[in-house]
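This is my_file22.pdb (PDB, C-alpha atoms and all ligand atoms).
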ATOM      1  CA  MET G  22      15.408 -17.176  -6.015
ATOM      2  CA  LEU G  23      14.434 -13.782  -7.293
ATOM      3  CA  ILE G  24      16.728 -13.005 -10.223
ATOM      4  CA  ASN G  25      15.003  -9.905 -11.476
ATOM      5  CA  LYS G  26      12.538  -8.236  -9.137
ATOM      6  CA  ARG G  27       9.414  -6.349 -10.091
ATOM      7  CA  SER G  28      10.080  -2.665 -10.428
ATOM      8  CA  TYR G  29       8.382   0.081 -12.382
ATOM      9  CA  PRO G  30      10.845   2.901 -13.078
ATOM     10  CA  ALA G  31       9.005   4.081 -16.209
ATOM     11  CA  LEU G  32       5.748   4.184 -14.266
ATOM     12  CA  SER G  33       7.315   6.237 -11.445
ATOM     13  CA  ARG G  34       8.799   8.656 -13.970
ATOM     14  CA  LEU G  35       5.515   9.167 -15.793
ATOM     15  CA  GLU G  36       3.604   9.450 -12.529
ATOM     16  CA  ALA G  37       6.057  12.137 -11.379
ATOM     17  CA  LEU G  38       5.933  13.939 -14.724
ATOM     18  CA  ARG G  39       2.134  13.890 -14.812
ATOM     19  CA  HIS G  40       2.045  16.269 -11.860
ATOM     20  CA  ARG G  41       4.922  18.436 -12.987
ATOM     21  CA  THR G  42       4.378  18.922 -16.709
ATOM     22  CA  GLU G  43       1.986  18.136 -19.540
ATOM     23  CA  LEU G  44       2.050  14.582 -20.859
ATOM     24  CA  SER G  45       1.526  13.766 -24.523
ATOM     25  CA  ASP G  46      -1.348  11.460 -25.509
ATOM     26  CA  ASN G  47       1.165   8.741 -26.080
ATOM     27  CA  GLU G  48       2.616   9.149 -22.595
ATOM     28  CA  MET G  49      -0.877   9.178 -21.049
ATOM     29  CA  LEU G  50      -1.563   5.884 -22.817
ATOM     30  CA  GLN G  51       1.721   4.449 -21.592
ATOM     31  CA  LEU G  52       0.922   5.574 -18.034
ATOM     32  CA  LYS G  53      -2.414   3.774 -18.176
ATOM     33  CA  GLN G  54      -0.886   0.608 -19.623
ATOM     34  CA  LEU G  55       1.844   0.519 -16.965
ATOM     35  CA  THR G  56      -0.662   1.153 -14.166
ATOM     36  CA  ASP G  57      -2.832  -1.724 -15.454
ATOM     37  CA  GLN G  58       0.229  -3.937 -15.814
ATOM     38  CA  LYS G  59       1.265  -3.288 -12.208
ATOM     39  CA  LEU G  60      -2.239  -4.118 -10.912
ATOM     40  CA  LEU G  61      -2.264  -7.331 -12.928
ATOM     41  CA  GLU G  62       1.145  -8.359 -11.618
ATOM     42  CA  ASP G  63       0.180  -7.487  -8.021
ATOM     43  CA  HIS G  64      -2.805  -9.774  -8.474
ATOM     44  CA  PHE G  65      -0.740 -12.593  -9.961
ATOM     45  CA  GLU G  66       1.882 -12.389  -7.219
ATOM     46  CA  SER G  67      -0.854 -12.584  -4.581
ATOM     47  CA  LEU G  68      -1.903 -15.929  -6.130
ATOM     48  CA  MET G  69       1.587 -17.438  -5.994
ATOM     49  CA  PRO G  70       2.299 -19.665  -2.990
ATOM     50  CA  PRO G  71       4.966 -17.896  -0.877
ATOM     51  CA  SER G  72       7.163 -21.036  -0.891
ATOM     52  CA  LEU G  73       7.478 -20.781  -4.675
ATOM     53  CA  HIS G  74       9.708 -17.737  -4.256
ATOM     54  CA  GLN G  75      12.286 -19.921  -2.499
ATOM     55  CA  THR G  76      12.012 -22.794  -4.934
ATOM     56  CA  VAL G  77      12.072 -21.505  -8.486
ATOM     57  CA  ASP G  78      14.184 -18.838 -10.158
ATOM     58  CA  MET G  79      12.004 -15.884 -10.979
ATOM     59  CA  ILE G  80      12.698 -13.268 -13.628
ATOM     60  CA  TRP G  81      10.154 -10.454 -13.813
ATOM     61  CA  HIS G  82       9.735  -8.187 -16.817
ATOM     62  CA  TYR G  83      11.688  -9.985 -19.445
ATOM     63  CA  THR G  84      11.926  -8.119 -22.729
ATOM     64  CA  TYR G  85      12.842 -10.065 -25.801
ATOM     65  CA  ALA G  86      14.026  -8.084 -28.800
ATOM     66  CA  ASP G  87      13.450  -9.854 -32.083
ATOM     67  CA  TYR G  88      14.246  -8.363 -35.475
ATOM     68  CA  HIS G  89      11.113  -6.269 -35.669
ATOM     69  CA  HIS G  90      10.070  -5.232 -32.192
ATOM     70  CA  ASP G  91      10.373  -5.774 -28.452
ATOM     71  CA  ILE G  92       8.107  -8.330 -26.875
ATOM     72  CA  GLN G  93       7.482  -8.237 -23.155
ATOM     73  CA  LEU G  94       6.828 -11.104 -20.810
ATOM     74  CA  ASN G  95       5.526 -10.491 -17.327
ATOM     75  CA  VAL G  96       7.481 -13.273 -15.683
ATOM     76  CA  ILE G  97       9.686 -16.293 -16.323
ATOM     77  CA  LEU G  98       9.838 -19.117 -13.790
ATOM     78  CA  ILE G  99      12.721 -21.563 -14.021
ATOM     79  CA  GLU G 100      12.395 -24.898 -12.271
ATOM     80  CA  ALA G 101      14.124 -28.275 -12.471
ATOM     81  CA  ASP G 102      13.725 -29.123 -16.127
ATOM     82  CA  THR G 103      11.344 -26.498 -17.419
ATOM     83  CA  VAL G 104      11.340 -22.808 -18.187
ATOM     84  CA  HIS G 105       7.854 -21.318 -17.824
ATOM     85  CA  LEU G 106       7.091 -18.254 -19.926
ATOM     86  CA  LEU G 107       4.057 -16.430 -18.570
ATOM     87  CA  LYS G 108       2.170 -13.581 -20.171
ATOM     88  CA  LEU G 109      -0.637 -12.161 -18.043
ATOM     89  CA  ASN G 110      -3.926 -10.565 -19.098
ATOM     90  CA  ASP G 111      -7.300  -9.671 -17.654
ATOM     91  CA  TYR G 112      -9.446 -10.662 -20.622
ATOM     92  CA  ARG G 113     -13.067 -11.154 -19.758
ATOM     93  CA  GLY G 114     -15.869 -13.404 -20.966
ATOM     94  CA  LEU G 115     -15.935 -16.273 -23.427
ATOM     95  CA  HIS G 116     -12.930 -16.943 -25.676
ATOM     96  CA  THR G 117     -11.892 -19.587 -28.142
ATOM     97  CA  ILE G 118      -8.740 -20.700 -29.947
ATOM     98  CA  ASN G 119      -9.219 -19.974 -33.654
ATOM     99  CA  GLN G 120      -8.020 -22.066 -36.575
ATOM    100  CA  GLN G 121      -4.646 -20.344 -36.614
ATOM    101  CA  GLY G 122      -4.200 -21.274 -32.954
ATOM    102  CA  MET G 123      -4.750 -17.727 -31.701
ATOM    103  CA  LEU G 124      -6.721 -16.745 -28.614
ATOM    104  CA  THR G 125      -9.869 -15.002 -29.864
ATOM    105  CA  GLU G 126     -12.928 -13.334 -28.317
ATOM    106  CA  PHE G 127     -15.766 -15.740 -28.985
ATOM    107  CA  PHE G 128     -18.495 -13.339 -30.092
ATOM    108  CA  THR G 129     -16.544 -10.468 -31.641
ATOM    109  CA  ARG G 130     -13.839 -12.705 -33.183
ATOM    110  CA  LYS G 131     -11.244 -10.191 -32.036
ATOM    111  CA  VAL G 132      -7.842 -11.895 -32.117
ATOM    112  CA  LYS G 133      -5.342 -11.446 -29.252
ATOM    113  CA  ASP G 134      -1.704 -11.760 -30.175
ATOM    114  CA  ASP G 135      -0.484 -13.111 -26.820
ATOM    115  CA  LEU G 136       0.109 -16.646 -28.076
ATOM    116  CA  ALA G 137       1.963 -15.448 -31.169
ATOM    117  CA  GLN G 138       4.218 -13.290 -28.965
ATOM    118  CA  LEU G 139       4.818 -16.186 -26.595
ATOM    119  CA  MET G 140       5.721 -18.448 -29.501
ATOM    120  CA  SER G 141       8.202 -15.924 -30.794
ATOM    121  CA  ILE G 142       9.917 -15.663 -27.391
ATOM    122  CA  LYS G 143       9.826 -19.437 -26.977
ATOM    123  CA  LEU G 144      11.711 -19.932 -30.233
ATOM    124  CA  GLY G 145      14.266 -17.299 -29.241
ATOM    125  CA  ILE G 146      14.867 -18.732 -25.781
ATOM    126  CA  ASP G 147      15.037 -22.273 -27.107
ATOM    127  CA  TYR G 148      17.930 -21.113 -29.253
ATOM    128  CA  LEU G 149      19.604 -19.134 -26.437
ATOM    129  CA  LEU G 150      19.483 -22.102 -24.068
ATOM    130  CA  ASP G 151      20.573 -24.504 -26.760
ATOM    131  CA  ARG G 152      17.402 -26.579 -26.214
ATOM    132  CA  ARG G 153      18.608 -27.810 -22.839
ATOM    133  CA  LEU G 154      15.268 -27.434 -21.050
ATOM    134  CA  ASN G 155      11.601 -27.783 -21.874
ATOM    135  CA  ILE G 156       9.912 -24.501 -22.485
ATOM    136  CA  ASP G 157       6.323 -24.126 -21.399
ATOM    137  CA  MET G 158       4.492 -21.033 -22.635
ATOM    138  CA  ARG G 159       1.230 -19.923 -21.090
ATOM    139  CA  CYS G 160      -1.202 -17.166 -21.606
ATOM    140  CA  VAL G 161      -2.403 -16.502 -18.038
ATOM    141  CA  CYS G 162      -5.987 -15.212 -18.015
ATOM    142  CA  LEU G 163      -6.648 -13.643 -14.615
ATOM    143  CA  GLY G 164     -10.122 -12.266 -15.341
ATOM    144  CA  SER G 165     -12.512 -13.955 -12.879
ATOM    145  CA  ASP G 166     -15.147 -14.470 -15.608
ATOM    146  CA  PHE G 167     -12.737 -15.547 -18.349
ATOM    147  CA  GLU G 168     -13.850 -18.750 -20.041
ATOM    148  CA  LEU G 169     -12.502 -20.859 -22.863
ATOM    149  CA  ASP G 170     -15.056 -22.702 -24.993
ATOM    150  CA  ILE G 171     -15.028 -26.444 -24.462
ATOM    151  CA  HIS G 172     -13.753 -27.299 -27.949
ATOM    152  CA  SER G 173     -10.560 -25.280 -27.566
ATOM    153  CA  SER G 174      -7.267 -26.744 -26.435
ATOM    154  CA  ARG G 175      -6.321 -25.570 -22.949
ATOM    155  CA  GLN G 176      -2.695 -26.515 -23.435
ATOM    156  CA  GLN G 177      -1.326 -22.978 -23.584
ATOM    157  CA  ILE G 178      -3.926 -21.243 -21.437
ATOM    158  CA  LEU G 179      -4.038 -20.934 -17.667
ATOM    159  CA  THR G 180      -7.065 -19.483 -15.932
ATOM    160  CA  ILE G 181      -7.161 -18.227 -12.380
ATOM    161  CA  HIS G 182      -8.642 -21.615 -11.390
ATOM    162  CA  ASP G 183      -5.714 -23.605 -12.841
ATOM    163  CA  LEU G 184      -2.901 -21.727 -11.097
ATOM    164  CA  ALA G 185      -2.710 -23.638  -7.801
ATOM    165  CA  ASP G 186      -2.262 -26.943  -9.665
ATOM    166  CA  TYR G 187       0.173 -25.402 -12.120
ATOM    167  CA  PHE G 188       2.474 -24.159  -9.338
ATOM    168  CA  LYS G 189       2.207 -27.402  -7.393
ATOM    169  CA  GLY G 190       5.190 -29.671  -7.784
ATOM    170  CA  MET G 191       7.572 -27.096  -9.259
ATOM    171  CA  THR G 192      11.047 -27.945  -7.975
ATOM    172  CA  ALA G 193      14.303 -26.031  -7.764
ATOM    173  CA  PRO G 194      16.411 -25.615 -10.909
ATOM    174  CA  THR G 195      19.707 -27.447 -11.143
ATOM    175  CA  GLU G 196      21.411 -25.001 -13.466
ATOM    176  CA  ASP G 197      21.954 -21.268 -13.230
ATOM    177  CA  LEU G 198      20.447 -19.996 -16.445
ATOM    178  CA  ALA G 199      19.839 -16.394 -15.484
ATOM    179  CA  ALA G 200      22.913 -15.191 -17.364
ATOM    180  CA  TYR G 201      21.389 -16.404 -20.618
ATOM    181  CA  LEU G 202      18.222 -14.472 -20.024
ATOM    182  CA  THR G 203      19.251 -10.850 -19.767
ATOM    183  CA  SER G 204      16.523  -8.488 -20.773
ATOM    184  CA  ALA G 205      16.743  -5.856 -23.489
ATOM    185  CA  PRO G 206      17.279  -2.402 -21.888
ATOM    186  CA  GLU G 207      14.279  -0.264 -21.039
ATOM    187  CA  PRO G 208      13.652   2.691 -23.350
ATOM    188  CA  VAL G 209      14.527   6.046 -21.830
ATOM    189  CA  THR G 210      11.889   8.743 -21.383
ATOM    190  CA  PRO G 211      12.812  11.802 -23.441
ATOM    191  CA  ALA G 212      14.234  14.782 -21.561
ATOM    192  CA  ARG G 213      11.811  17.587 -20.729
ATOM    193  CA  LEU G 214      12.238  21.318 -20.659
ATOM    194  CA  HIS G 215       9.516  22.396 -18.293
ATOM    195  CA  ILE G 216       9.240  20.320 -15.187
ATOM    196  CA  GLN G 217       7.756  22.036 -12.159
ATOM    197  CA  ASN G 218       9.635  21.939  -8.877
ATOM    198  CA  GLY G 219       7.933  21.387  -5.584
ATOM    199  CA  LEU G 220       6.857  18.804  -3.038
ATOM    200  CA  ARG G 221       3.999  16.460  -3.778
ATOM    201  CA  CYS G 222       1.499  15.580  -1.081
ATOM    202  CA  PRO G 223       1.765  11.893  -0.040
ATOM    203  CA  HIS G 224      -2.049  11.816   0.323
ATOM    204  CA  CYS G 225      -3.463  13.501  -2.775
ATOM    205  CA  ASN G 226      -0.256  13.213  -4.863
ATOM    206  CA  GLN G 227      -0.625  16.789  -6.087
ATOM    207  CA  LEU G 228       2.090  19.402  -6.189
ATOM    208  CA  SER G 229       0.979  21.561  -3.335
ATOM    209  CA  GLU G 230       1.726  24.350  -0.894
ATOM    210  CA  PHE G 231       2.161  23.236   2.688
ATOM    211  CA  THR G 232       1.947  24.746   6.123
ATOM    212  CA  GLN G 233       4.736  23.350   8.219
ATOM    213  CA  HIS G 234       4.726  22.706  11.939
ATOM    214  CA  HIS G 235       7.829  20.994  13.308
ATOM    215  CA  HIS G 236       8.130  17.768  11.314
ATOM    216  CA  LEU G 237       4.522  17.803  10.085
ATOM    217  CA  ILE G 238       3.122  19.418   6.961
ATOM    218  CA  LEU G 239      -0.459  20.289   6.089
ATOM    219  CA  CYS G 240      -1.450  20.117   2.410
ATOM    220  CA  GLN G 241      -3.340  23.224   1.278
ATOM    221  CA  LYS G 242      -5.141  21.244  -1.401
ATOM    222  CA  CYS G 243      -6.510  18.237   0.495
ATOM    223  CA  ARG G 244      -5.978  19.439   4.104
ATOM    224  CA  GLN G 245      -4.308  16.165   5.095
ATOM    225  CA  ILE G 246      -1.291  15.994   7.364
ATOM    226  CA  SER G 247       1.903  14.121   6.452
ATOM    227  CA  THR G 248       5.440  14.061   7.746
ATOM    228  CA  LEU G 249       7.904  16.352   6.038
ATOM    229  CA  ASP G 250      10.348  13.430   5.990
ATOM    230  CA  GLN G 251       8.059  11.306   3.823
ATOM    231  CA  ALA G 252       7.310  14.084   1.327
ATOM    232  CA  PHE G 253      11.017  14.931   1.173
ATOM    233  CA  ILE G 254      12.121  11.321   0.545
ATOM    234  CA  ASP G 255       9.463  10.957  -2.167
ATOM    235  CA  ALA G 256      10.623  14.200  -3.771
ATOM    236  CA  ALA G 257      14.257  13.053  -3.767
ATOM    237  CA  ARG G 258      13.302   9.748  -5.376
ATOM    238  CA  GLU G 259      11.294  11.577  -7.992
ATOM    239  CA  TYR G 260      14.173  13.882  -8.720
ATOM    240  CA  LEU G 261      16.492  10.954  -9.374
ATOM    241  CA  SER G 262      13.925   9.117 -11.471
ATOM    242  CA  LEU G 263      13.500  12.209 -13.663
ATOM    243  CA  TYR G 264      17.190  13.079 -13.764
ATOM    244  CA  PRO G 265      18.977   9.731 -13.424
ATOM    245  CA  ASP G 266      22.329  11.217 -14.447
ATOM    246  CA  SER G 267      22.181  13.982 -11.886
ATOM    247  CA  ARG G 268      23.534  13.954  -8.326
ATOM    248  CA  LEU G 269      21.427  14.621  -5.302
ATOM    249  CA  THR G 270      22.972  17.604  -3.509
ATOM    250  CA  LYS G 271      21.816  20.051  -0.863
ATOM    251  CA  GLY G 272      21.531  22.882  -3.425
ATOM    252  CA  ILE G 273      19.574  20.771  -5.882
ATOM    253  CA  MET G 274      17.109  19.562  -3.275
ATOM    254  CA  TYR G 275      16.676  23.096  -1.916
ATOM    255  CA  LYS G 276      15.594  24.242  -5.377
ATOM    256  CA  TRP G 277      13.614  21.074  -6.103
ATOM    257  CA  CYS G 278      11.544  21.754  -2.969
ATOM    258  CA  ASN G 279      10.807  25.234  -4.360
ATOM    259  CA  LYS G 280      13.029  26.871  -1.718
ATOM    260  CA  LYS G 281      10.203  26.288   0.756
ATOM    261  CA  ILE G 282      12.284  24.200   3.134
ATOM    262  CA  PRO G 283      15.155  26.071   4.801
ATOM    263  CA  ALA G 284      18.558  25.041   3.446
ATOM    264  CA  THR G 285      19.719  23.858   6.887
ATOM    265  CA  LYS G 286      16.636  21.621   7.155
ATOM    266  CA  VAL G 287      17.285  20.234   3.655
ATOM    267  CA  ALA G 288      20.832  19.416   4.745
ATOM    268  CA  SER G 289      19.680  17.627   7.888
ATOM    269  CA  LEU G 290      16.988  15.659   6.029
ATOM    270  CA  LEU G 291      19.534  14.510   3.463
ATOM    271  CA  LYS G 292      21.936  13.471   6.226
ATOM    272  CA  LYS G 293      19.219  11.660   8.129
ATOM    273  CA  HIS G 294      17.748   9.634   5.268
ATOM    274  CA  PHE G 295      20.486   9.211   2.699
ATOM    275  CA  SER G 296      24.068   8.124   2.770
ATOM    276  CA  ALA G 297      26.624  10.749   1.874
ATOM    277  CA  ALA G 298      29.302  10.390  -0.784
ATOM    278  CA  GLY G 299      32.021  12.805  -1.909
ATOM    279  CA  LYS G 300      33.622  15.440   0.299
ATOM    280  CA  THR G 301      32.673  18.904   1.629
ATOM    281  CA  LYS G 302      31.495  21.044  -1.292
ATOM    282  CA  GLY G 303      31.195  18.059  -3.598
ATOM    283  CA  THR G 304      29.028  16.084  -1.175
ATOM    284  CA  TYR G 305      26.092  14.319  -2.733
ATOM    285  CA  TYR G 306      23.679  11.743  -1.435
ATOM    286  CA  LEU G 307      22.686   8.221  -2.392
ATOM    287  CA  LEU G 308      19.276   6.722  -1.912
ATOM    288  CA  GLU G 309      20.583   3.459  -0.582
ATOM    289  CA  ASN G 310      19.838   3.697   3.119
ATOM    290  CA  VAL G 311      16.155   4.451   2.640
ATOM    291  CA  PRO G 312      13.902   1.476   3.444
ATOM    292  CA  LEU G 313      11.640   0.560   0.524
TER     293      LEU G 313
HETATM  294 ZN    ZN X 401      -2.778  16.810  -0.451
END
Could you write out this structure as structure tokens?
Amino acid sequence: MLINKRSYPALSRLEALRHRTELSDNEMLQLKQLTDQKLLEDHFESLMPPSLHQTVDMIWHYTYADYHHDIQLNVILIEADTVHLLKLNDYRGLHTINQQGMLTEFFTRKVKDDLAQLMSIKLGIDYLLDRRLNIDMRCVCLGSDFELDIHSSRQQILTIHDLADYFKGMTAPTEDLAAYLTSAPEPVTPARLHIQNGLRCPHCNQLSEFTQHHHLILCQKCRQISTLDQAFIDAAREYLSLYPDSRLTKGIMYKWCNKKIPATKVASLLKKHFSAAGKTKGTYYLLENVPL
């Protein structure tokens, strides 16, 4: 059962901000890290047998806060008598386990701290669960040319070639442990002063001017055609990801779309794609009836 699904709210926010304002170097770095993380997790999920989703309990994006910092795990799988802590990477080439037990690049001797982070989470979870289950921690190396030298212990490493066997034989958990494993909250992106309004093109992702013909729009930047509905839904989602405390109303969306869509059309798009809440002048819209 999927306890915590994969979602990337911080990535969507930064992606939206990137087109609407200037990002700091730190935010650009974060955007790159989150984009890489999503690709890695897409890859890992594509390697999981579909039946596994029904069998084990799956918690994506678990953040463990110890005294000093937050440590992130990509995914936790809970089966019959074992909790599997998995931290993914795309390290390439030959590696070894050094004398301190750390994963290390063979030639450069550059130490990766994945195993130390896993150990820290393992100790924490062991305590939280009162040592009821075995805890298996693995550094999952998805790089197709990743290799571990033959003298190193493979006990805490999984390569892309080991995964099928690792998943095989996992059986359903007998206890509901999800309540013990609630993640630390995600940090909030700081508020911004200058965020540009406007619709983004579903093809080139840029904030753009459009020529509209019935329900179709033509992007002036990439000359591709999209439906107004799609661009509008994307814009509404972006608005809520950037202003999570705000309410989606007709007036707000009219301004957010740079007053380029007639107010009556904005009202009908909101009615068509979102469910209404509140009454008459206080009406606002919820994203819930939009298919993902
Ligand atoms: Zn475009």
Two-atom distance - CA of Ile238 (chain G), CA of Val287 (chain G) (Å):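 Straight-line distance from CA of Ile238 (chain G) to CA of Val287 (chain G) works out to 14.6 Å.
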Give me, as CSV, each residue of chain G that comes within 6 Å of ligand ZN 401 (chain X), together with its shortest interatomic pair and the distance in Å at one decimal, counting all atoms listed in the file, with rows ordered by chain and rising residue number.
residue,atom,partner,partner_atom,distance
G:Cys222,CA,X:ZN401,ZN,4.5
G:His224,CA,X:ZN401,ZN,5.1
G:Cys225,CA,X:ZN401,ZN,4.1
G:Cys240,CA,X:ZN401,ZN,4.6
G:Lys242,CA,X:ZN401,ZN,5.1
G:Cys243,CA,X:ZN401,ZN,4.1
G:Gln245,CA,X:ZN401,ZN,5.8
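Selection check: the PyMOL selection byres (((chain G and resi 69) around 12) and not hetatm) on the shown file gives Glu62, Asp63, His64, Phe65, Glu66, Ser67, Leu68, Pro70, Pro71, Ser72, Leu73, His74, Gln75, Thr76, Val77, Met79, Leu98, Ile181, Asp183, Leu184, Ala185, Asp186, Tyr187, Phe188, Lys189 and Met191 of chain G.
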Top pick for closest residue to His116 (chain G), considering G:Thr304, G:Gln217, G:Asn279, G:Ser174 and counting only C-alpha atoms: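 That would be G:Ser174, the residue with the smallest distance to His116 (chain G).
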Within 12 Å of file point (0.7, 20.9, -6.9), counting only C-alpha atoms, expressed as a list in words: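 Those within range, by chain then number, are Ala37, Leu38, Arg39, His40, Arg41, Thr42, Ile216, Gln217, Asn218, Gly219, Leu220, Arg221, Cys222, Pro223, His224, Cys225, Asn226, Gln227, Leu228, Ser229, Glu230, Phe231, Cys240, Gln241, Lys242, Cys243, Cys278 and Asn279 of chain G.
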Selection result of the PyMOL selection byres (((chain G and resi 26) around 8) and not hetatm) on this file, as number ranges by chain: G: 23-25, 27-28, 79-81
Evaluate the PyMOL selection byres (((chain G and resi 195-198) around 12) and not hetatm) and report residues as a ChimeraX atom specification: /G:22,24,76-80,97-104,146,149-151,153-154,192-194,199-203
Polymer residues at most 10 Å from region 133-144 of chain G, all atoms listed in the file, same-chain spacing of 2 or more positions, as a ChimeraX atom specification: /G:83-87,91-94,104-110,112,118,121-126,130-131,146-149,152,155-161,177-178
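Residues with any atom within 9 Å of Ala288 (chain G), counting all atoms listed in the file and excluding same-chain neighbours fewer than 2 positions away, are Thr270, Lys271, Gly272, Met274, Tyr275, Pro283, Ala284, Thr285, Lys286, Leu290, Leu291, Lys292 and Lys293 of chain G.
Here the question is which of G:Tyr264, G:Gly114, G:Leu307, G:Val132 gets nearest to Phe167 (chain G) using all atoms listed in the file, and that residue is G:Gly114.
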Atom pair CA of Ser247 (chain G) / CA of Ser33 (chain G): separation (Å):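 Distance between the two atoms: 20.3 Å.
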Could you pull region 245-263 of chain G out of the structure just shown and give C-alpha atoms as a compact mmCIF listing (two decimals), in the first residue's frame?
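Done, and the output landed in decode_24.txt:
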# COMPACT_ATOMS: atom_id res chain seq x y z
CA GLN G 245 3.12 25.70 -30.88
CA ILE G 246 -0.59 25.27 -30.32
CA SER G 247 -2.09 24.19 -26.98
CA THR G 248 -5.52 24.22 -25.44
CA LEU G 249 -6.40 27.22 -23.32
CA ASP G 250 -7.82 24.79 -20.75
CA GLN G 251 -4.46 23.11 -20.20
CA ALA G 252 -2.52 26.37 -19.87
CA PHE G 253 -5.19 27.71 -17.52
CA ILE G 254 -5.18 24.62 -15.26
CA ASP G 255 -1.36 24.72 -15.12
CA ALA G 256 -1.47 28.41 -14.24
CA ALA G 257 -3.98 27.81 -11.44
CA ARG G 258 -1.84 25.03 -10.00
CA GLU G 259 1.20 27.26 -10.16
CA TYR G 260 -0.64 30.04 -8.42
CA LEU G 261 -1.56 27.76 -5.53
CA SER G 262 1.92 26.30 -5.29
CA LEU G 263 3.39 29.81 -5.04
